[in-house]
$ cat coords.pdb   # PDB, C-alpha atoms, pLDDT in the B column
MODEL        1
ATOM      1  CA  MET A   1     181.993 -96.668  23.308  1.00 93.00           C
ATOM      2  CA  PRO A   2     179.768 -97.194  20.227  1.00 97.00           C
ATOM      3  CA  TYR A   3     178.333 -94.258  18.349  1.00 98.00           C
ATOM      4  CA  VAL A   4     175.491 -94.877  15.889  1.00 98.00           C
ATOM      5  CA  ASN A   5     174.102 -92.163  13.635  1.00 98.00           C
ATOM      6  CA  VAL A   6     170.607 -92.827  12.271  1.00 98.00           C
ATOM      7  CA  ARG A   7     169.398 -90.555   9.495  1.00 98.00           C
ATOM      8  CA  ILE A   8     165.746 -90.347   8.590  1.00 97.00           C
ATOM      9  CA  THR A   9     163.748 -88.011   6.422  1.00 96.00           C
ATOM     10  CA  ARG A  10     161.976 -85.244   8.316  1.00 96.00           C
ATOM     11  CA  GLU A  11     158.416 -86.479   7.946  1.00 96.00           C
ATOM     12  CA  GLY A  12     157.003 -86.305  11.427  1.00 93.00           C
ATOM     13  CA  ALA A  13     158.647 -89.069  13.433  1.00 97.00           C
ATOM     14  CA  THR A  14     157.335 -88.631  16.952  1.00 98.00           C
ATOM     15  CA  ALA A  15     159.428 -88.385  20.097  1.00 98.00           C
ATOM     16  CA  ALA A  16     158.090 -91.812  21.096  1.00 98.00           C
ATOM     17  CA  GLN A  17     159.173 -93.342  17.767  1.00 98.00           C
ATOM     18  CA  LYS A  18     162.637 -91.825  18.122  1.00 98.00           C
ATOM     19  CA  ALA A  19     162.899 -93.142  21.686  1.00 98.00           C
ATOM     20  CA  GLU A  20     162.011 -96.606  20.389  1.00 98.00           C
ATOM     21  CA  ILE A  21     164.714 -96.382  17.709  1.00 98.00           C
ATOM     22  CA  ILE A  22     167.287 -95.316  20.314  1.00 98.00           C
ATOM     23  CA  ALA A  23     166.289 -98.142  22.659  1.00 98.00           C
ATOM     24  CA  GLY A  24     166.242-100.712  19.861  1.00 98.00           C
ATOM     25  CA  VAL A  25     169.639 -99.774  18.451  1.00 98.00           C
ATOM     26  CA  THR A  26     171.141 -99.758  21.932  1.00 98.00           C
ATOM     27  CA  ASP A  27     169.612-103.165  22.695  1.00 98.00           C
ATOM     28  CA  LEU A  28     171.007-104.572  19.441  1.00 98.00           C
ATOM     29  CA  LEU A  29     174.546-103.460  20.318  1.00 98.00           C
ATOM     30  CA  VAL A  30     174.189-104.874  23.830  1.00 98.00           C
ATOM     31  CA  ARG A  31     172.939-108.252  22.546  1.00 98.00           C
ATOM     32  CA  VAL A  32     175.218-108.671  19.540  1.00 98.00           C
ATOM     33  CA  LEU A  33     178.439-106.989  20.659  1.00 98.00           C
ATOM     34  CA  ASP A  34     178.036-107.069  24.469  1.00 98.00           C
ATOM     35  CA  LYS A  35     178.367-103.266  24.622  1.00 98.00           C
ATOM     36  CA  ASP A  36     177.609-101.271  27.741  1.00 98.00           C
ATOM     37  CA  PRO A  37     174.362 -99.325  27.195  1.00 98.00           C
ATOM     38  CA  ALA A  38     175.629 -96.560  29.485  1.00 98.00           C
ATOM     39  CA  THR A  39     178.366 -95.741  26.975  1.00 97.00           C
ATOM     40  CA  THR A  40     176.395 -96.392  23.775  1.00 98.00           C
ATOM     41  CA  PHE A  41     175.443 -93.254  21.878  1.00 98.00           C
ATOM     42  CA  VAL A  42     172.641 -93.085  19.319  1.00 98.00           C
ATOM     43  CA  VAL A  43     172.028 -89.860  17.405  1.00 98.00           C
ATOM     44  CA  ILE A  44     169.057 -89.329  15.099  1.00 98.00           C
ATOM     45  CA  ASP A  45     169.421 -86.747  12.351  1.00 98.00           C
ATOM     46  CA  GLU A  46     166.322 -85.644  10.492  1.00 98.00           C
ATOM     47  CA  VAL A  47     167.049 -84.646   6.920  1.00 97.00           C
ATOM     48  CA  PRO A  48     164.626 -82.488   4.918  1.00 97.00           C
ATOM     49  CA  LEU A  49     162.925 -84.676   2.324  1.00 95.00           C
ATOM     50  CA  GLU A  50     164.184 -82.482  -0.517  1.00 95.00           C
ATOM     51  CA  ASN A  51     167.760 -83.215   0.615  1.00 97.00           C
ATOM     52  CA  TRP A  52     167.380 -87.002   0.339  1.00 96.00           C
ATOM     53  CA  GLY A  53     167.689 -88.991  -2.863  1.00 96.00           C
ATOM     54  CA  VAL A  54     167.226 -92.625  -3.866  1.00 94.00           C
ATOM     55  CA  GLY A  55     168.178 -94.270  -7.134  1.00 92.00           C
ATOM     56  CA  GLY A  56     169.586 -91.057  -8.555  1.00 96.00           C
ATOM     57  CA  VAL A  57     166.454 -88.971  -8.041  1.00 96.00           C
ATOM     58  CA  PRO A  58     164.913 -86.964  -5.180  1.00 96.00           C
ATOM     59  CA  THR A  59     162.911 -89.121  -2.772  1.00 94.00           C
ATOM     60  CA  GLU A  60     159.538 -87.683  -3.767  1.00 93.00           C
ATOM     61  CA  GLU A  61     160.209 -88.554  -7.430  1.00 94.00           C
ATOM     62  CA  TYR A  62     161.401 -92.038  -6.443  1.00 94.00           C
ATOM     63  CA  ARG A  63     158.176 -92.591  -4.508  1.00 92.00           C
ATOM     64  CA  ARG A  64     156.028 -91.353  -7.409  1.00 93.00           C
ATOM     65  CA  ARG A  65     157.742 -93.838  -9.709  1.00 92.00           C
ATOM     66  CA  ALA A  66     157.340 -96.679  -7.199  1.00 90.00           C
ATOM     67  CA  ARG A  67     153.605 -96.146  -6.638  1.00 83.00           C
ATOM     68  CA  PRO A  68     152.421 -97.614  -9.967  1.00 76.00           C
ATOM     69  CA  ARG A  69     154.435-100.782  -9.272  1.00 67.00           C
ATOM     70  CA  GLU A  70     152.953-101.076  -5.795  1.00 62.00           C
ATOM     71  CA  ALA A  71     149.419-100.709  -7.139  1.00 65.00           C
ATOM     72  CA  SER A  72     149.957-103.325  -9.857  1.00 64.00           C
ATOM     73  CA  ALA A  73     151.301-105.816  -7.300  1.00 64.00           C
ATOM     74  CA  GLU A  74     147.989-105.819  -5.403  1.00 60.00           C
TER
ENDMDL
END

$ encode --input "coords.pdb" --output "structure tokens"
Amino acid sequence: MPYVNVRITREGATAAQKAEIIAGVTDLLVRVLDKDPATTFVVIDEVPLENWGVGGVPTEEYRRRARPREASAE
């Protein structure tokens, strides 16, 4: 009875996108581990962006720092 918890930042993922994540994660467990989809649980938690950090800084700051590198790579 697998349980998978997916956490994403709360930035407007649609119900359709969440359904696709649930289906995809379930399919992966069925294919790789031969799990029964009827007893596979997938929970999506949406975390406020200000409560998520990357590289020791809040996500918005991390993204601001990453933007100049992305622009110079083009």

$ atom_distance --input "coords.pdb" --atom1 "CA of Ala38 (chain A)" --atom2 "CA of Ile22 (chain A)"
12.5 Å

$ resolve_selection --input "coords.pdb" --expression "the PyMOL selection byres ((chain A and resi 50-57) around 12)" --output "list of chain:residue names"
A:Arg7, A:Ile8, A:Thr9, A:Arg10, A:Glu11, A:Glu46, A:Val47, A:Pro48, A:Leu49, A:Pro58, A:Thr59, A:Glu60, A:Glu61, A:Tyr62, A:Arg63, A:Arg64, A:Arg65, A:Ala66

$ closest_residue --input "coords.pdb" --among "A:Ala13, A:Arg67, A:Lys18, A:Val6" --to "Asp45 (chain A)" --atoms "all atoms listed in the file"
A:Val6

$ atom_distance --input "coords.pdb" --atom1 "CA of Val30 (chain A)" --atom2 "CA of Thr14 (chain A)"
24.4 Å

$ atom_distance --input "coords.pdb" --atom1 "CA of Ala15 (chain A)" --atom2 "CA of Lys35 (chain A)"
24.5 Å

$ residues_around --input "coords.pdb" --residues "Val25 (chain A)" --least-positions-apart "3" --cutoff "12 Å" --atoms "only C-alpha atoms" --output "ChimeraX atom specification"
/A:2-6,18-22,28-33,35,37,40-44
